[in-house]
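Enquirer: Take a look at work-v2.txt, compact mmCIF, C-alpha atoms and all ligand atoms:
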# COMPACT_ATOMS: atom_id res chain seq x y z
CA MET A 1 -29.01 14.51 32.84
CA THR A 2 -25.61 16.19 33.36
CA ALA A 3 -25.47 19.61 31.70
CA LYS A 4 -23.07 19.89 28.78
CA THR A 5 -20.27 22.45 28.87
CA ILE A 6 -19.41 24.55 25.82
CA ILE A 7 -16.52 26.97 25.32
CA ILE A 8 -17.47 29.80 22.93
CA THR A 9 -14.69 32.02 21.59
CA GLY A 10 -15.47 35.56 20.48
CA ALA A 11 -18.37 35.61 22.93
CA SER A 12 -18.12 39.30 23.88
CA ARG A 13 -20.46 40.36 21.04
CA GLY A 14 -21.95 39.41 17.67
CA LEU A 15 -22.46 35.80 16.67
CA GLY A 16 -20.47 34.33 19.56
CA LEU A 17 -22.53 36.13 22.19
CA ALA A 18 -25.78 35.10 20.48
CA ALA A 19 -24.62 31.47 20.38
CA ALA A 20 -23.59 31.61 24.05
CA ARG A 21 -26.98 32.98 25.14
CA ASP A 22 -28.83 30.32 23.15
CA ALA A 23 -26.64 27.48 24.40
CA ALA A 24 -27.31 28.64 27.98
CA ASP A 25 -31.06 28.79 27.21
CA LEU A 26 -30.80 25.20 25.99
CA GLY A 27 -29.37 24.19 29.38
CA ALA A 28 -25.64 24.14 28.67
CA ASN A 29 -22.93 25.54 30.92
CA VAL A 30 -21.25 28.19 28.83
CA VAL A 31 -17.70 29.53 28.98
CA LEU A 32 -17.33 32.91 27.30
CA PHE A 33 -13.90 33.71 25.89
CA ALA A 34 -12.69 36.96 24.24
CA ARG A 35 -10.26 39.80 25.01
CA SER A 36 -12.72 42.41 26.36
CA ALA A 37 -12.69 41.32 30.00
CA GLU A 38 -15.27 43.75 31.37
CA LYS A 39 -17.82 43.17 28.59
CA LEU A 40 -17.34 39.42 28.87
CA GLU A 41 -18.03 39.43 32.61
CA GLN A 42 -21.14 41.61 32.10
CA GLU A 43 -22.51 39.16 29.53
CA ALA A 44 -21.73 36.13 31.69
CA GLN A 45 -23.46 37.85 34.63
CA ALA A 46 -26.52 38.59 32.47
CA ILE A 47 -26.75 34.87 31.58
CA ARG A 48 -26.44 33.93 35.27
CA ASP A 49 -29.09 36.52 36.17
CA GLY A 50 -31.38 34.79 33.68
CA GLY A 51 -30.89 31.45 35.45
CA GLY A 52 -28.11 30.09 33.21
CA LYS A 53 -24.64 28.86 34.13
CA ALA A 54 -21.85 30.98 32.66
CA LEU A 55 -18.18 31.64 33.26
CA ALA A 56 -16.18 34.48 31.68
CA VAL A 57 -12.54 33.74 30.88
CA PRO A 58 -10.80 36.71 29.22
CA GLY A 59 -8.03 35.85 26.80
CA ASP A 60 -6.52 36.17 23.35
CA ILE A 61 -7.08 33.24 20.99
CA SER A 62 -3.79 33.97 19.23
CA GLN A 63 -1.88 33.20 22.45
CA GLU A 64 -1.25 29.54 23.20
CA ALA A 65 -1.10 30.14 26.97
CA ASP A 66 -4.57 31.73 26.90
CA CYS A 67 -5.97 28.76 24.95
CA ARG A 68 -4.62 26.36 27.56
CA ARG A 69 -5.86 28.58 30.40
CA VAL A 70 -9.47 28.67 29.21
CA VAL A 71 -9.47 24.86 29.09
CA GLU A 72 -7.99 24.64 32.61
CA ARG A 73 -10.47 27.19 34.00
CA THR A 74 -13.36 25.36 32.35
CA ILE A 75 -12.35 22.02 33.88
CA ALA A 76 -11.77 23.61 37.30
CA HIS A 77 -15.21 25.28 37.20
CA PHE A 78 -17.50 22.87 35.35
CA GLY A 79 -15.44 19.64 35.38
CA ARG A 80 -15.98 18.74 31.71
CA ILE A 81 -15.92 19.99 28.12
CA ASP A 82 -18.49 18.76 25.58
CA ALA A 83 -18.05 21.26 22.77
CA LEU A 84 -15.99 24.13 21.44
CA ILE A 85 -17.37 26.87 19.23
CA ASN A 86 -14.36 28.28 17.39
CA ASN A 87 -16.02 31.58 16.53
CA ALA A 88 -13.51 34.38 17.34
CA GLY A 89 -12.39 35.92 14.08
CA VAL A 90 -11.13 39.06 12.38
CA ILE A 91 -11.55 40.35 8.81
CA GLU A 92 -8.54 42.72 8.72
CA PRO A 93 -6.43 43.49 6.78
CA ILE A 94 -8.73 44.66 4.00
CA ALA A 95 -6.13 45.37 1.34
CA PRO A 96 -4.94 43.88 -1.95
CA LEU A 97 -2.17 41.29 -1.77
CA ALA A 98 0.27 43.64 -3.46
CA GLU A 99 0.02 46.17 -0.64
CA ALA A 100 -1.13 44.33 2.48
CA SER A 101 0.91 44.41 5.66
CA ILE A 102 2.58 41.05 6.36
CA ASP A 103 2.16 41.61 10.10
CA ALA A 104 -1.59 42.12 9.61
CA TRP A 105 -1.80 38.88 7.57
CA ARG A 106 0.15 37.06 10.30
CA GLN A 107 -2.29 38.29 12.97
CA ASN A 108 -5.28 37.31 10.84
CA LEU A 109 -4.03 33.76 10.31
CA LEU A 110 -3.02 33.45 13.98
CA THR A 111 -6.50 34.48 15.10
CA ASN A 112 -8.62 32.72 12.47
CA VAL A 113 -6.67 29.48 12.00
CA LEU A 114 -3.94 28.85 14.55
CA GLY A 115 -6.18 30.00 17.43
CA PRO A 116 -8.86 27.36 16.72
CA MET A 117 -6.09 24.78 16.30
CA MET A 118 -4.40 25.66 19.63
CA LEU A 119 -7.68 25.69 21.55
CA THR A 120 -8.87 22.44 19.98
CA GLN A 121 -5.57 20.72 20.79
CA ALA A 122 -5.78 21.84 24.43
CA ALA A 123 -9.40 20.65 24.74
CA LEU A 124 -9.12 17.35 22.85
CA PRO A 125 -8.46 15.07 25.85
CA TYR A 126 -11.74 16.28 27.41
CA LEU A 127 -13.71 16.33 24.14
CA ARG A 128 -12.72 12.70 23.47
CA GLN A 129 -14.04 11.64 26.90
CA ASN A 130 -17.51 12.99 26.07
CA ARG A 131 -17.70 12.25 22.32
CA GLY A 132 -17.67 16.02 21.95
CA ARG A 133 -18.12 18.44 19.09
CA VAL A 134 -16.05 21.22 17.55
CA ILE A 135 -18.01 23.82 15.58
CA ASN A 136 -15.76 25.94 13.37
CA VAL A 137 -17.40 29.20 12.36
CA SER A 138 -16.28 29.63 8.78
CA SER A 139 -17.60 31.77 5.95
CA GLY A 140 -18.72 31.75 2.33
CA ALA A 141 -15.38 33.51 1.81
CA SER A 142 -13.71 30.12 2.42
CA THR A 143 -14.88 28.89 -0.97
CA TYR A 144 -14.86 31.98 -3.18
CA ALA A 145 -12.40 34.85 -3.51
CA ILE A 146 -13.31 38.41 -2.55
CA PRO A 147 -10.78 41.00 -3.76
CA GLY A 148 -9.16 42.77 -0.79
CA TRP A 149 -9.98 39.95 1.63
CA GLY A 150 -6.92 37.83 0.89
CA ALA A 151 -6.00 37.02 4.48
CA TYR A 152 -9.59 36.30 5.52
CA CYS A 153 -10.41 34.10 2.49
CA THR A 154 -7.15 32.21 2.94
CA ALA A 155 -7.74 31.75 6.67
CA LYS A 156 -11.34 30.54 6.32
CA GLY A 157 -10.32 28.12 3.54
CA ALA A 158 -7.67 26.78 5.89
CA LEU A 159 -10.23 26.55 8.72
CA ASN A 160 -12.42 24.31 6.53
CA GLN A 161 -9.43 22.05 5.91
CA PHE A 162 -8.63 22.06 9.64
CA ASN A 163 -12.21 20.91 10.19
CA ARG A 164 -11.73 18.04 7.72
CA VAL A 165 -8.40 16.94 9.18
CA LEU A 166 -9.91 16.97 12.67
CA SER A 167 -12.70 14.72 11.42
CA VAL A 168 -10.35 12.10 9.99
CA GLU A 169 -7.91 12.13 12.92
CA GLU A 170 -10.28 12.20 15.88
CA GLU A 171 -12.93 9.51 15.76
CA MET A 172 -14.38 10.43 19.17
CA VAL A 173 -15.02 14.04 18.13
CA THR A 174 -17.51 15.46 15.61
CA ALA A 175 -16.20 18.46 13.66
CA VAL A 176 -18.57 20.70 11.70
CA ALA A 177 -17.71 23.94 9.91
CA VAL A 178 -20.59 26.37 9.47
CA ARG A 179 -21.28 29.30 7.20
CA PRO A 180 -23.37 31.87 9.11
CA GLY A 181 -24.50 34.10 6.21
CA VAL A 182 -23.99 37.87 6.17
CA VAL A 183 -24.67 39.05 9.72
CA ASP A 184 -25.22 42.48 11.26
CA THR A 185 -22.21 42.61 13.58
CA ASP A 186 -19.13 44.78 14.14
CA MET A 187 -17.33 42.77 11.45
CA GLN A 188 -19.75 44.07 8.80
CA ALA A 189 -19.32 47.62 10.18
CA ILE A 190 -15.54 47.25 9.74
CA ILE A 191 -16.06 46.11 6.14
CA ARG A 192 -18.16 49.23 5.45
CA GLN A 193 -15.58 51.47 7.18
CA MET A 194 -12.39 50.02 5.65
CA GLY A 195 -13.66 48.42 2.45
CA ALA A 196 -13.69 51.60 0.35
CA ALA A 197 -9.91 51.86 0.62
CA GLY A 198 -9.03 48.18 0.25
CA MET A 199 -11.65 46.65 -2.08
CA PRO A 200 -12.77 47.33 -5.65
CA GLU A 201 -15.76 49.70 -5.66
CA SER A 202 -18.33 47.12 -6.86
CA ALA A 203 -17.32 44.53 -4.24
CA TYR A 204 -17.42 47.18 -1.51
CA GLN A 205 -20.80 48.57 -2.62
CA ARG A 206 -22.37 45.10 -2.36
CA PHE A 207 -21.82 45.18 1.42
CA VAL A 208 -23.10 48.75 1.75
CA ARG A 209 -26.20 47.74 -0.23
CA LEU A 210 -26.85 44.68 1.93
CA ARG A 211 -27.02 46.95 4.98
CA ASP A 212 -29.03 49.69 3.24
CA GLU A 213 -31.58 47.18 1.94
CA GLY A 214 -31.98 45.52 5.36
CA GLU A 215 -30.53 42.22 4.14
CA LEU A 216 -28.11 41.64 7.03
CA LEU A 217 -29.12 38.81 9.35
CA PRO A 218 -29.59 39.45 13.06
CA PRO A 219 -26.87 37.53 14.95
CA GLU A 220 -29.53 35.61 16.91
CA ALA A 221 -30.61 33.61 13.83
CA PRO A 222 -27.33 31.94 12.81
CA GLY A 223 -26.13 32.16 16.45
CA GLY A 224 -29.03 29.93 17.50
CA ALA A 225 -28.17 27.41 14.79
CA ILE A 226 -24.54 27.37 15.92
CA ALA A 227 -25.59 26.64 19.52
CA VAL A 228 -27.82 23.77 18.35
CA LEU A 229 -24.98 22.35 16.24
CA ALA A 230 -22.63 22.44 19.24
CA LEU A 231 -25.13 20.48 21.32
CA PHE A 232 -26.78 18.18 18.77
CA ALA A 233 -24.92 17.96 15.40
CA PRO A 234 -25.28 14.33 14.25
CA ARG A 235 -22.17 12.17 14.09
CA ASP A 236 -22.54 11.63 10.36
CA TRP A 237 -22.05 15.36 9.66
CA ASP A 238 -18.45 14.95 10.83
CA GLY A 239 -16.04 16.90 8.59
CA GLU A 240 -18.78 18.75 6.71
CA PHE A 241 -19.13 22.45 5.90
CA VAL A 242 -22.80 23.36 6.37
CA ALA A 243 -24.80 26.54 5.83
CA TRP A 244 -26.70 27.80 8.89
CA ASP A 245 -29.94 28.01 6.89
CA GLU A 246 -29.82 24.76 4.92
CA GLU A 247 -32.79 22.50 5.48
CA ARG A 248 -31.14 19.77 7.58
CA VAL A 249 -29.64 22.39 9.92
CA GLN A 250 -32.96 24.18 10.27
CA GLU A 251 -34.68 20.85 10.92
CA LEU A 252 -32.27 20.29 13.81
CA VAL A 253 -32.95 23.82 15.07
CA ARG A 254 -36.74 23.25 14.95
CA LYS A 255 -36.36 19.94 16.75
CA TYR A 256 -34.36 21.30 19.67
CA ALA A 257 -35.44 24.94 19.88
CA THR A 258 -38.77 23.74 21.36
CA ARG A 259 -36.85 22.57 24.43
CA ARG A 260 -36.63 26.18 25.53
CA ASP A 261 -40.35 26.45 26.27
N1 LIG B 1 -20.62 38.98 10.36
C1 LIG B 1 -20.63 38.28 9.23
O1 LIG B 1 -21.26 38.68 8.23
C2 LIG B 1 -19.89 36.98 9.16
C3 LIG B 1 -20.01 36.23 7.98
C4 LIG B 1 -19.34 35.02 7.87
C5 LIG B 1 -18.57 34.57 8.93
N2 LIG B 1 -18.45 35.31 10.07
C6 LIG B 1 -17.61 34.79 11.16
O2 LIG B 1 -18.33 34.79 12.36
C7 LIG B 1 -17.42 34.88 13.47
C8 LIG B 1 -17.91 35.96 14.43
O3 LIG B 1 -17.87 37.20 13.76
P1 LIG B 1 -18.86 38.41 14.10
O4 LIG B 1 -19.46 38.81 12.84
O5 LIG B 1 -19.69 38.09 15.28
O6 LIG B 1 -17.75 39.53 14.43
P2 LIG B 1 -17.54 40.52 15.64
O7 LIG B 1 -18.82 41.12 16.08
O8 LIG B 1 -16.43 41.41 15.20
O9 LIG B 1 -17.05 39.57 16.82
C9 LIG B 1 -15.78 38.97 16.79
C10 LIG B 1 -15.53 38.33 18.15
O10 LIG B 1 -14.23 37.73 18.12
C11 LIG B 1 -13.51 38.19 19.25
N3 LIG B 1 -12.08 38.21 18.94
C12 LIG B 1 -11.46 38.84 17.92
N4 LIG B 1 -10.14 38.66 18.00
C13 LIG B 1 -9.92 37.88 19.09
C14 LIG B 1 -8.76 37.37 19.72
N5 LIG B 1 -7.53 37.59 19.23
N6 LIG B 1 -8.90 36.60 20.82
C15 LIG B 1 -10.14 36.37 21.34
N7 LIG B 1 -11.27 36.83 20.79
C16 LIG B 1 -11.16 37.59 19.69
C17 LIG B 1 -14.08 39.56 19.56
O11 LIG B 1 -13.94 39.90 20.94
P3 LIG B 1 -12.80 40.85 21.56
O12 LIG B 1 -12.59 41.99 20.63
O13 LIG B 1 -13.40 41.21 22.88
O14 LIG B 1 -11.60 39.97 21.72
C18 LIG B 1 -15.56 39.32 19.29
O15 LIG B 1 -16.18 38.72 20.40
C19 LIG B 1 -16.05 35.16 12.86
O16 LIG B 1 -15.29 33.98 12.81
C20 LIG B 1 -16.39 35.62 11.45
O17 LIG B 1 -15.35 35.37 10.54
C21 LIG B 1 -19.10 36.51 10.20
Would you give me this structure, written as structure tokens?

Expert:
Amino acid sequence: MTAKTIIITGASRGLGLAAARDAADLGANVVLFARSAEKLEQEAQAIRDGGGKALAVPGDISQEADCRRVVERTIAHFGRIDALINNAGVIEPIAPLAEASIDAWRQNLLTNVLGPMMLTQAALPYLRQNRGRVINVSSGASTYAIPGWGAYCTAKGALNQFNRVLSVEEEMVTAVAVRPGVVDTDMQAIIRQMGAAGMPESAYQRFVRLRDEGELLPPEAPGGAIAVLALFAPRDWDGEFVAWDEERVQELVRKYATRRD
């Protein structure tokens, strides 16, 4: 069987890197995309050293030319695209609406919403050919409001709507948005560093407590589910917003995770 090819954005660390490693373990060719060129190449090399097929393509998701370039490089190297994992994301600015920098909001929306749109548009001709999948890494913050997270909540809400529009416009492509839970990555560290200044005390303390009480998820758990969704999400989940740990997702993970042995 021909190996599937997946582009994973934000693959230099955190959830994206965990998803890339798992997708490679499951036999996919993986294309790692993020801005940190050196780290990206190290991680791609580590996957290749482990017997996987990986290509690092450094770039900025908020730049249209970089979105087009990663698609071109992927086709030149692997000859096909079967899935995108739109995972690259930023939380900043953490600040109330009344005070937040407009430039910081612009950069947040460019990264979290317009980036996935630009990359998806560039990849669509190839995704259609293979009845491909787009996995949009969203957040619980897409459906409820967290004070101080205005840009992020707005962006993730928009990402869920992007996912729905994609599902009704593109019948050859399956679009699934996923909520990964609260995960022990740099993004949570940024919330603990910057949250005291930009969030109400009680909202901020909740995130400190989650870390202190050992409640943060390791990135490998939701990352593995995201990789399985990119390879195997059923067609009838098209347009849905799923939680990484809901039963039907975990059933899919159990079904395909065994393939690694
Ligand atoms: N951690 C959580 O609790 C949590 C909860 C819900 C949802 N999420 C979502 O999960 C996704 C991954 O987050 P994470 O927690 O793994 O955060 P993270 O550790 O901060 O990783 C973010 C990734 O995105 C990349 N990135 C950021 N800006 C980029 C840009 N302009 N162009 C290309 N790549 C960019 C970063 O790489 P470079 O800096 O090298 O570019 C990095 O690889 C995000 O969409 C986030 O919103 C996270």

Enquirer: Neighbouring residues of ligand LIG 1 (chain B) are defined here as those with any atom at most 7 Å from a ligand atom, counting all atoms listed in the file; list them as a ChimeraX atom specification.

Expert: /A:9-16,33-36,59-62,87-91,111-112,137-140,179-188

Enquirer: As JSON, please: the centre and edge lengths in Å, to one decimal, of an axis-aligned box enclosing every listed atom of range 114-125 of chain A with 5 Å added on each side.

Expert:
{"center_x": -6.7, "center_y": 22.5, "center_z": 20.2, "size_x": 15.5, "size_y": 24.9, "size_z": 21.3}

Enquirer: Could you name the residues that touch Pro147 in chain A at 8 Å or less, counting all atoms listed in the file, but leaving out those on the same chain fewer than 3 positions away, as a list in words?

Expert: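 Close residues of Pro147 in chain A: Pro96, Gly150, Met199, Pro200 and Ala203 of chain A.
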
Enquirer: Could you save those same residues with C-alpha atoms as a PDB file, keeping the file's coordinate frame?

Expert:
ATOM      1  CA  PRO A  96      -4.940  43.880  -1.950  1.00  0.00           C
ATOM      2  CA  GLY A 150      -6.920  37.830   0.890  1.00  0.00           C
ATOM      3  CA  MET A 199     -11.650  46.650  -2.080  1.00  0.00           C
ATOM      4  CA  PRO A 200     -12.770  47.330  -5.650  1.00  0.00           C
ATOM      5  CA  ALA A 203     -17.320  44.530  -4.240  1.00  0.00           C
TER       6      ALA A 203
END

Enquirer: Skipping near chain neighbours, those fewer than 4 positions away, what residues fall within 6 Å of Leu84 in chain A using all atoms listed in the file, listed as a list in words?

Expert: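 Non-adjacent residues within range: Ile6, Ile7 and Val134 of chain A.
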
Enquirer: Can you list, as a list in words, every protein, DNA or RNA residue that comes within 10 Å of Thr5 in chain A when you count all atoms listed in the file, leaving out same-chain residues fewer than 2 positions away?

Expert: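 Non-adjacent residues within range: Thr2, Ala3, Ile7, Ile8, Ala23, Ala24, Gly27, Ala28, Asn29, Val30, Val31, Lys53, Ala54, Thr74, Ile75, Phe78, Gly79, Arg80, Ile81, Asp82, Ala83, Leu84, Gly132, Ala230 and Leu231 of chain A.
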
Enquirer: Hey, which of A:Cys67, A:Val249, A:Ala100, A:Ile146 ends up closest to Leu114 in chain A? Count only C-alpha atoms.

Expert: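 Counting only C-alpha atoms, the residue closest to Leu114 in chain A is A:Cys67.
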
Enquirer: Calculated over only C-alpha atoms, which of the candidates A:Val208, A:Ala227, A:Val178, A:Ile47 has the smallest distance to Asp245 in chain A?

Expert: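 The shortest atom-to-atom distance to Asp245 in chain A comes from A:Val178.
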
Enquirer: Distance CA of Lys4 in chain A-CA of Ala46 in chain A, one decimal place?

Expert: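 Computing it gives 19.4 Å between the two atoms.
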
Enquirer: Extract, using all atoms listed in the file, all DNA, RNA and protein residues at most 8 Å from range 165-169 of chain A, discarding same-chain residues fewer than 6 positions from it, and format them as a PyMOL selection string.

Expert: chain A and resi 175+238-239

Enquirer: Need the shell around Phe232 in chain A: protein/DNA/RNA residues with any atom at most 10 Å away, counting all atoms listed in the file. Skip same-chain ones fewer than 2 positions apart. Format as a VMD selection string?

Expert: chain A and resid 132 to 133 226 to 230 234 to 235 252 to 253 255 to 256

Enquirer: Determine, counting all atoms listed in the file, every residue of protein, DNA or RNA that lies within 9 Å of (-5.2, 24.1, 23.0) in the file coordinates, then give the result as a ChimeraX atom specification.

Expert: /A:64-71,115-124

Enquirer: Which distance in Å separates CA of Gln193 in chain A and CA of Pro218 in chain A, to one decimal?

Expert: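 Separating CA of Gln193 in chain A from CA of Pro218 in chain A is a distance of 19.4 Å.
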
Enquirer: To one decimal place in Å, what is the distance between CA of Gly223 in chain A and CA of Ala18 in chain A?

Expert: 5.0 Å

Enquirer: Using only C-alpha atoms for the distances, tell me which of A:Leu17, A:Ala151, A:Ala177, A:Ala233 is nearest to Arg106 in chain A.

Expert: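 Going through A:Leu17, A:Ala151, A:Ala177, A:Ala233 one by one, the smallest distance to Arg106 in chain A is for A:Ala151.
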
Enquirer: With all atoms listed in the file as the atoms that count, which of A:Gly198, A:Pro222, A:Pro93, A:Gly157 lies nearest to Val113 in chain A?

Expert: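 Of A:Gly198, A:Pro222, A:Pro93, A:Gly157, the one nearest Val113 in chain A is A:Gly157, counting all atoms listed in the file.
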
Enquirer: Taking all atoms listed in the file into account, name the residue in A:Gly214, A:Leu109, A:Ala225, A:Leu40 that is nearest to Glu251 in chain A.

Expert: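 Of the candidates, the smallest distance to Glu251 in chain A is held by A:Ala225.
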
Enquirer: For Gln129 in chain A, which residue out of A:Val57, A:Ala196, A:Leu210, A:Glu170 is the nearest one, using only C-alpha atoms?

Expert: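 Once distances to Gln129 in chain A are computed over only C-alpha atoms, the minimum belongs to A:Glu170.
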